[in-house]
>>> print(open('target.cif').read())   # mmCIF, C-alpha atoms
data_upload
#
loop_
_atom_site.group_PDB
_atom_site.id
_atom_site.type_symbol
_atom_site.label_atom_id
_atom_site.label_comp_id
_atom_site.auth_asym_id
_atom_site.auth_seq_id
_atom_site.Cartn_x
_atom_site.Cartn_y
_atom_site.Cartn_z
ATOM 1 C CA MET V 1 118.497 29.007 172.949
ATOM 2 C CA ASN V 2 116.183 31.598 174.463
ATOM 3 C CA HIS V 3 113.742 33.135 172.049
ATOM 4 C CA ILE V 4 110.607 35.256 172.227
ATOM 5 C CA PRO V 5 107.781 34.259 169.853
ATOM 6 C CA LEU V 6 105.973 36.987 167.963
ATOM 7 C CA THR V 7 102.507 38.004 169.085
ATOM 8 C CA ARG V 8 99.559 37.663 166.741
ATOM 9 C CA GLN V 9 99.628 41.416 166.074
ATOM 10 C CA GLN V 10 103.356 41.289 165.303
ATOM 11 C CA MET V 11 102.825 38.416 162.876
ATOM 12 C CA ALA V 12 100.103 40.388 161.120
ATOM 13 C CA ARG V 13 102.400 43.416 160.917
ATOM 14 C CA VAL V 14 105.150 41.404 159.231
ATOM 15 C CA VAL V 15 102.718 39.977 156.690
ATOM 16 C CA ALA V 16 101.205 43.410 156.015
ATOM 17 C CA HIS V 17 104.654 44.844 155.302
ATOM 18 C CA ASP V 18 105.462 41.897 153.012
ATOM 19 C CA ILE V 19 102.487 42.621 150.726
ATOM 20 C CA PRO V 20 103.633 44.833 147.823
ATOM 21 C CA GLU V 21 101.891 47.888 146.454
ATOM 22 C CA GLY V 22 98.727 47.354 144.448
ATOM 23 C CA ARG V 23 97.954 43.746 145.324
ATOM 24 C CA CYS V 24 94.406 42.404 145.691
ATOM 25 C CA VAL V 25 94.438 40.348 148.877
ATOM 26 C CA ASN V 26 91.798 38.211 150.560
ATOM 27 C CA LEU V 27 91.940 38.045 154.362
ATOM 28 C CA GLY V 28 90.659 34.800 155.822
ATOM 29 C CA ILE V 29 88.956 34.273 159.158
ATOM 30 C CA GLY V 30 91.043 34.437 162.330
ATOM 31 C CA LEU V 31 94.587 35.721 162.523
ATOM 32 C CA PRO V 32 94.645 37.102 158.929
ATOM 33 C CA THR V 33 91.917 39.630 159.755
ATOM 34 C CA LEU V 34 94.479 41.478 161.909
ATOM 35 C CA ILE V 35 96.409 42.409 158.750
ATOM 36 C CA ALA V 36 93.914 45.164 157.901
ATOM 37 C CA ASP V 37 95.097 47.192 160.906
ATOM 38 C CA GLN V 38 98.766 46.850 159.930
ATOM 39 C CA ILE V 39 98.973 47.926 156.260
ATOM 40 C CA PRO V 40 101.750 50.571 156.035
ATOM 41 C CA ALA V 41 100.592 54.156 155.643
ATOM 42 C CA GLY V 42 100.559 55.254 152.017
ATOM 43 C CA ARG V 43 100.630 51.741 150.563
ATOM 44 C CA GLU V 44 97.697 50.863 148.311
ATOM 45 C CA VAL V 45 96.582 47.304 148.971
ATOM 46 C CA LEU V 46 93.063 46.193 148.031
ATOM 47 C CA LEU V 47 91.752 43.998 150.826
ATOM 48 C CA HIS V 48 88.978 41.623 149.822
ATOM 49 C CA SER V 49 86.397 39.873 151.973
ATOM 50 C CA GLU V 50 84.539 36.939 150.498
ATOM 51 C CA GLN V 51 81.042 38.119 151.428
ATOM 52 C CA GLY V 52 81.362 40.976 148.934
ATOM 53 C CA LEU V 53 83.706 43.776 149.976
ATOM 54 C CA LEU V 54 86.794 45.176 148.253
ATOM 55 C CA GLY V 55 88.735 48.017 149.853
ATOM 56 C CA LEU V 56 88.605 47.083 153.530
ATOM 57 C CA GLY V 57 90.276 49.387 156.015
ATOM 58 C CA PRO V 58 91.207 48.978 159.679
ATOM 59 C CA GLN V 59 88.812 48.495 162.568
ATOM 60 C CA PRO V 60 86.634 51.525 163.332
ATOM 61 C CA ALA V 61 87.059 53.658 166.428
ATOM 62 C CA PRO V 62 84.731 52.725 169.307
ATOM 63 C CA GLY V 63 81.318 54.170 168.593
ATOM 64 C CA ASP V 64 81.882 54.381 164.828
ATOM 65 C CA GLU V 65 80.944 50.775 164.050
ATOM 66 C CA ASP V 66 78.660 50.174 161.070
ATOM 67 C CA PRO V 67 76.684 46.919 161.441
ATOM 68 C CA ASP V 68 76.646 46.545 157.651
ATOM 69 C CA VAL V 69 80.451 46.619 157.298
ATOM 70 C CA LEU V 70 81.929 43.375 158.611
ATOM 71 C CA ASN V 71 84.834 41.174 157.560
ATOM 72 C CA ALA V 72 84.682 37.411 157.004
ATOM 73 C CA GLY V 73 85.090 36.858 160.754
ATOM 74 C CA LYS V 74 82.042 39.046 161.508
ATOM 75 C CA GLN V 75 84.230 41.799 162.967
ATOM 76 C CA PHE V 76 83.621 45.499 162.382
ATOM 77 C CA VAL V 77 85.867 47.067 159.740
ATOM 78 C CA THR V 78 85.900 50.268 157.704
ATOM 79 C CA LEU V 79 85.736 50.937 153.975
ATOM 80 C CA LEU V 80 88.463 53.037 152.375
ATOM 81 C CA PRO V 81 87.727 55.673 149.715
ATOM 82 C CA GLY V 82 86.896 53.913 146.450
ATOM 83 C CA ALA V 83 85.797 50.679 148.138
ATOM 84 C CA SER V 84 83.237 48.453 146.419
ATOM 85 C CA VAL V 85 80.341 46.457 147.822
ATOM 86 C CA PHE V 86 78.896 43.635 145.714
ATOM 87 C CA SER V 87 77.037 40.355 145.899
ATOM 88 C CA HIS V 88 78.373 37.164 147.410
ATOM 89 C CA SER V 89 78.173 35.480 144.016
ATOM 90 C CA ASP V 90 80.218 38.255 142.368
ATOM 91 C CA SER V 91 82.785 37.916 145.126
ATOM 92 C CA PHE V 92 83.229 34.244 144.341
ATOM 93 C CA LEU V 93 83.415 35.003 140.640
ATOM 94 C CA MET V 94 86.438 37.151 141.516
ATOM 95 C CA ILE V 95 87.974 34.309 143.533
ATOM 96 C CA ARG V 96 87.271 31.545 141.045
ATOM 97 C CA GLY V 97 88.208 33.756 138.106
ATOM 98 C CA GLY V 98 91.776 34.201 139.362
ATOM 99 C CA HIS V 99 91.477 37.891 140.283
ATOM 100 C CA ILE V 100 92.754 37.465 143.862
ATOM 101 C CA GLU V 101 96.525 37.775 143.792
ATOM 102 C CA LEU V 102 97.092 36.655 147.370
ATOM 103 C CA ALA V 103 95.016 34.822 149.959
ATOM 104 C CA CYS V 104 96.114 35.046 153.601
ATOM 105 C CA LEU V 105 94.513 32.161 155.464
ATOM 106 C CA GLY V 106 94.622 30.611 158.901
ATOM 107 C CA ALA V 107 95.249 26.882 159.220
ATOM 108 C CA PHE V 108 95.378 24.003 161.660
ATOM 109 C CA GLN V 109 98.074 22.131 159.732
ATOM 110 C CA VAL V 110 100.336 22.565 156.700
ATOM 111 C CA ALA V 111 102.290 19.749 155.071
ATOM 112 C CA ALA V 112 105.787 19.885 153.613
ATOM 113 C CA ASN V 113 104.355 19.800 150.076
ATOM 114 C CA GLY V 114 101.985 22.709 150.726
ATOM 115 C CA ASP V 115 98.847 20.736 151.585
ATOM 116 C CA MET V 116 96.589 22.701 153.952
ATOM 117 C CA ALA V 117 93.981 21.707 156.534
ATOM 118 C CA ASN V 118 92.054 24.668 157.906
ATOM 119 C CA TRP V 119 88.434 23.769 158.468
ATOM 120 C CA SER V 120 86.427 22.200 161.249
ATOM 121 C CA THR V 121 82.901 21.019 161.962
ATOM 122 C CA GLY V 122 83.377 21.283 165.722
ATOM 123 C CA ALA V 123 80.600 22.262 168.097
ATOM 124 C CA GLY V 124 80.210 25.494 170.017
ATOM 125 C CA ASP V 125 80.753 28.822 168.331
ATOM 126 C CA GLY V 126 83.424 27.536 165.938
ATOM 127 C CA ILE V 127 83.280 28.006 162.186
ATOM 128 C CA PRO V 128 80.860 25.254 161.005
ATOM 129 C CA GLY V 129 82.488 24.283 157.717
ATOM 130 C CA VAL V 130 84.936 24.969 154.942
ATOM 131 C CA GLY V 131 83.513 28.370 153.976
ATOM 132 C CA GLY V 132 85.374 29.943 151.056
ATOM 133 C CA ALA V 133 88.763 28.437 151.869
ATOM 134 C CA MET V 134 88.633 25.757 149.170
ATOM 135 C CA ASP V 135 87.827 28.350 146.505
ATOM 136 C CA LEU V 136 90.551 30.695 147.751
ATOM 137 C CA ALA V 137 93.150 27.942 147.907
ATOM 138 C CA ALA V 138 92.369 26.985 144.321
ATOM 139 C CA GLY V 139 91.741 30.431 142.858
ATOM 140 C CA ALA V 140 94.303 32.746 144.450
ATOM 141 C CA ALA V 141 97.640 33.165 142.710
ATOM 142 C CA LYS V 142 99.501 32.814 146.022
ATOM 143 C CA VAL V 143 98.494 31.440 149.432
ATOM 144 C CA TRP V 144 100.161 32.505 152.670
ATOM 145 C CA VAL V 145 99.218 30.751 155.896
ATOM 146 C CA LEU V 146 99.345 32.441 159.303
ATOM 147 C CA MET V 147 99.236 30.163 162.365
ATOM 148 C CA GLU V 148 100.888 29.309 165.660
ATOM 149 C CA HIS V 149 103.894 27.035 165.133
ATOM 150 C CA THR V 150 102.568 24.378 167.521
ATOM 151 C CA GLN V 151 99.303 23.346 169.093
ATOM 152 C CA LYS V 152 98.614 24.177 172.748
ATOM 153 C CA ASP V 153 100.030 20.795 173.790
ATOM 154 C CA GLY V 154 103.238 21.421 171.840
ATOM 155 C CA ALA V 155 102.398 19.144 168.906
ATOM 156 C CA PRO V 156 103.662 20.532 165.579
ATOM 157 C CA ARG V 157 101.304 22.062 163.067
ATOM 158 C CA ILE V 158 103.817 21.778 160.211
ATOM 159 C CA LEU V 159 104.014 18.110 159.241
ATOM 160 C CA GLU V 160 105.256 15.800 156.525
ATOM 161 C CA ARG V 161 101.595 14.954 155.898
ATOM 162 C CA CYS V 162 98.467 16.567 157.333
ATOM 163 C CA THR V 163 96.477 14.334 159.669
ATOM 164 C CA TYR V 164 93.315 16.479 159.399
ATOM 165 C CA PRO V 165 91.008 16.498 156.345
ATOM 166 C CA LEU V 166 92.547 18.637 153.618
ATOM 167 C CA THR V 167 91.129 21.933 152.474
ATOM 168 C CA ALA V 168 93.379 21.862 149.408
ATOM 169 C CA ALA V 169 96.440 20.013 148.165
ATOM 170 C CA GLY V 170 99.746 21.719 147.387
ATOM 171 C CA CYS V 171 98.364 25.241 147.631
ATOM 172 C CA VAL V 172 100.540 26.944 150.267
ATOM 173 C CA ASP V 173 103.478 29.103 149.161
ATOM 174 C CA ARG V 174 104.570 30.654 152.447
ATOM 175 C CA ILE V 175 103.972 29.936 156.167
ATOM 176 C CA TYR V 176 104.104 32.599 158.878
ATOM 177 C CA THR V 177 104.192 31.266 162.435
ATOM 178 C CA ASN V 178 105.053 32.926 165.727
ATOM 179 C CA LEU V 179 108.600 31.538 165.351
ATOM 180 C CA ALA V 180 109.555 31.690 161.676
ATOM 181 C CA VAL V 181 108.694 32.383 158.059
ATOM 182 C CA ILE V 182 108.971 29.217 155.995
ATOM 183 C CA LEU V 183 108.793 28.907 152.218
ATOM 184 C CA VAL V 184 107.236 25.858 150.563
ATOM 185 C CA THR V 185 109.504 24.921 147.656
ATOM 186 C CA PRO V 186 109.710 21.950 145.255
ATOM 187 C CA SER V 187 112.714 20.705 147.256
ATOM 188 C CA GLY V 188 111.067 21.081 150.668
ATOM 189 C CA LEU V 189 110.542 23.617 153.433
ATOM 190 C CA VAL V 190 113.043 26.469 153.590
ATOM 191 C CA VAL V 191 113.344 28.720 156.647
ATOM 192 C CA GLN V 192 113.589 32.275 155.393
ATOM 193 C CA ARG V 193 113.394 34.164 158.722
ATOM 194 C CA MET V 194 113.522 33.234 162.415
ATOM 195 C CA VAL V 195 112.821 35.140 165.641
ATOM 196 C CA ALA V 196 115.806 36.421 167.616
ATOM 197 C CA GLY V 197 117.421 33.691 169.695
ATOM 198 C CA MET V 198 116.080 30.835 167.571
ATOM 199 C CA ASP V 199 118.351 28.496 165.631
ATOM 200 C CA LEU V 200 117.552 25.765 163.117
ATOM 201 C CA PRO V 201 117.907 22.783 165.513
ATOM 202 C CA SER V 202 115.521 24.451 168.001
ATOM 203 C CA LEU V 203 113.009 25.188 165.261
ATOM 204 C CA GLN V 204 113.332 21.679 163.841
ATOM 205 C CA ALA V 205 112.559 20.231 167.267
ATOM 206 C CA VAL V 206 109.048 21.745 167.157
ATOM 207 C CA THR V 207 108.436 21.027 163.463
ATOM 208 C CA GLY V 208 107.143 17.731 162.090
ATOM 209 C CA ALA V 209 108.827 17.958 158.677
ATOM 210 C CA PRO V 210 112.447 18.480 157.586
ATOM 211 C CA LEU V 211 113.619 22.085 157.369
ATOM 212 C CA ALA V 212 116.452 23.652 155.390
ATOM 213 C CA LEU V 213 117.954 27.065 156.055
ATOM 214 C CA ALA V 214 117.827 29.747 153.368
ATOM 215 C CA ALA V 215 121.190 30.964 152.127
ATOM 216 C CA HIS V 216 120.493 34.370 153.647
ATOM 217 C CA CYS V 217 118.162 33.634 156.560
ATOM 218 C CA GLY V 218 116.992 36.907 158.091
ATOM 219 C CA LEU V 219 115.563 38.168 161.356
ATOM 220 C CA TYR V 220 111.841 37.653 161.899
ATOM 221 C CA ALA V 221 110.729 40.829 163.655
ATOM 222 C CA PRO V 222 107.955 43.420 163.169
ATOM 223 C CA ASP V 223 110.347 46.068 161.836
ATOM 224 C CA ALA V 224 112.764 43.863 159.900
ATOM 225 C CA PRO V 225 113.064 44.348 156.107
ATOM 226 C CA ALA V 226 110.101 43.042 154.114
ATOM 227 C CA PHE V 227 110.305 39.977 151.893
ATOM 228 C CA LEU V 228 107.941 40.896 149.080
ATOM 229 C CA LEU V 229 105.640 38.723 147.044
ATOM 230 C CA GLY V 230 107.394 37.300 144.013
ATOM 231 C CA GLU V 231 110.730 36.759 145.753
ATOM 232 C CA ASP V 232 109.825 33.195 146.723
#
>>> encode(input="target.cif", output="structure tokens")
Amino acid sequence: MNHIPLTRQQMARVVAHDIPEGRCVNLGIGLPTLIADQIPAGREVLLHSEQGLLGLGPQPAPGDEDPDVLNAGKQFVTLLPGASVFSHSDSFLMIRGGHIELACLGAFQVAANGDMANWSTGAGDGIPGVGGAMDLAAGAAKVWVLMEHTQKDGAPRILERCTYPLTAAGCVDRIYTNLAVILVTPSGLVVQRMVAGMDLPSLQAVTGAPLALAAHCGLYAPDAPAFLLGED
């Protein structure tokens, strides 16, 4: 079947609309940082960055950048009214103390049981280590992963077992890819939404672990109804 994958911005928009009012949410490096630009108008969501910011807003307009206000990916962001700035150690006290209700993280691989691999020690300008991902995976109440469904060569990123070193075991609750939203459940992976034109056999063909279809599988699109935290 013909299907059109979501763009990175569209994925971020779906996730942003899925986050309920009042949640404290950490945005990891990479694709999750796009969520800050997509929070619905009027919805109060406290965005957290591990280096010591709470109350992140969207990217600033060109020329309004503040070199002291950066997200975890070293990108310029804004601070909303009431935002807090605190030490790195206090930020990790929040994470390790269970005060982060949701962590949105990028990943290289996710396993059928919720294992996650999302760090690298590669050369160049890549992220040189685990960073705060291990703490977030262990300390956040929920973990949502945002990633492309396959690698550039077409190899699946969702597997029965991760082949990369694990960041954390059994931590992922929900996976957002450019093709589908997949829930990690005790009985396996359940497809909760798919892009238009995609069916389960087509999705299974690019997935390295067995998939089941939710009883009411919905459309995965930027303006489709939200599937709020707590419903999985």
>>> closest_atom_pairs(input="target.cif", of="segment 127-194 of chain V", to="segment 78-97 of chain V", cutoff="9 Å", atoms="all atoms listed in the file", output="JSON lines")
{"residue": "V:Gly132", "atom": "CA", "partner": "V:Phe92", "partner_atom": "CA", "distance": 8.3}
{"residue": "V:Asp135", "atom": "CA", "partner": "V:Arg96", "partner_atom": "CA", "distance": 6.4}
{"residue": "V:Leu136", "atom": "CA", "partner": "V:Ile95", "partner_atom": "CA", "distance": 6.1}
{"residue": "V:Ala138", "atom": "CA", "partner": "V:Arg96", "partner_atom": "CA", "distance": 7.6}
{"residue": "V:Gly139", "atom": "CA", "partner": "V:Arg96", "partner_atom": "CA", "distance": 5.0}
{"residue": "V:Ala140", "atom": "CA", "partner": "V:Ile95", "partner_atom": "CA", "distance": 6.6}
>>> write_last_selection(input="target.cif", atoms="C-alpha atoms", output="PDB file, keeping the file's coordinate frame")
ATOM      1  CA  GLY V 132      85.374  29.943 151.056  1.00  0.00           C
ATOM      2  CA  ASP V 135      87.827  28.350 146.505  1.00  0.00           C
ATOM      3  CA  LEU V 136      90.551  30.695 147.751  1.00  0.00           C
ATOM      4  CA  ALA V 138      92.369  26.985 144.321  1.00  0.00           C
ATOM      5  CA  GLY V 139      91.741  30.431 142.858  1.00  0.00           C
ATOM      6  CA  ALA V 140      94.303  32.746 144.450  1.00  0.00           C
TER       7      ALA V 140
END
>>> residues_near_point(input="target.cif", point="(100.6, 31.1, 158.0)", cutoff="6 Å", atoms="all atoms listed in the file", output="PyMOL selection string")
chain V and resi 144-147+175-177
>>> resolve_selection(input="target.cif", expression="the PyMOL selection byres ((chain V and resi 180) around 7)", output="list in words")
Tyr176, Thr177, Asn178, Leu179, Val181, Ile182, Val191, Arg193, Met194, Val195 and Tyr220 of chain V
>>> atom_distance(input="target.cif", atom1="atom CA of Val45 of chain V", atom2="atom CA of Gly22 of chain V")
5.0 Å
>>> resolve_selection(input="target.cif", expression="the PyMOL selection byres ((chain V and resi 74) around 12)", output="ChimeraX atom specification")
/V:28-30,33,49-51,59,66-73,75-77,127
>>> write_last_selection(input="target.cif", atoms="C-alpha atoms", output="short mmCIF file (atom, residue, chain, number, x, y, z; two decimals), keeping the file's coordinate frame")
data_model
loop_
_atom_site.label_atom_id
_atom_site.label_comp_id
_atom_site.auth_asym_id
_atom_site.auth_seq_id
_atom_site.Cartn_x
_atom_site.Cartn_y
_atom_site.Cartn_z
CA GLY V 28 90.66 34.80 155.82
CA ILE V 29 88.96 34.27 159.16
CA GLY V 30 91.04 34.44 162.33
CA THR V 33 91.92 39.63 159.76
CA SER V 49 86.40 39.87 151.97
CA GLU V 50 84.54 36.94 150.50
CA GLN V 51 81.04 38.12 151.43
CA GLN V 59 88.81 48.50 162.57
CA ASP V 66 78.66 50.17 161.07
CA PRO V 67 76.68 46.92 161.44
CA ASP V 68 76.65 46.54 157.65
CA VAL V 69 80.45 46.62 157.30
CA LEU V 70 81.93 43.38 158.61
CA ASN V 71 84.83 41.17 157.56
CA ALA V 72 84.68 37.41 157.00
CA GLY V 73 85.09 36.86 160.75
CA GLN V 75 84.23 41.80 162.97
CA PHE V 76 83.62 45.50 162.38
CA VAL V 77 85.87 47.07 159.74
CA ILE V 127 83.28 28.01 162.19
#
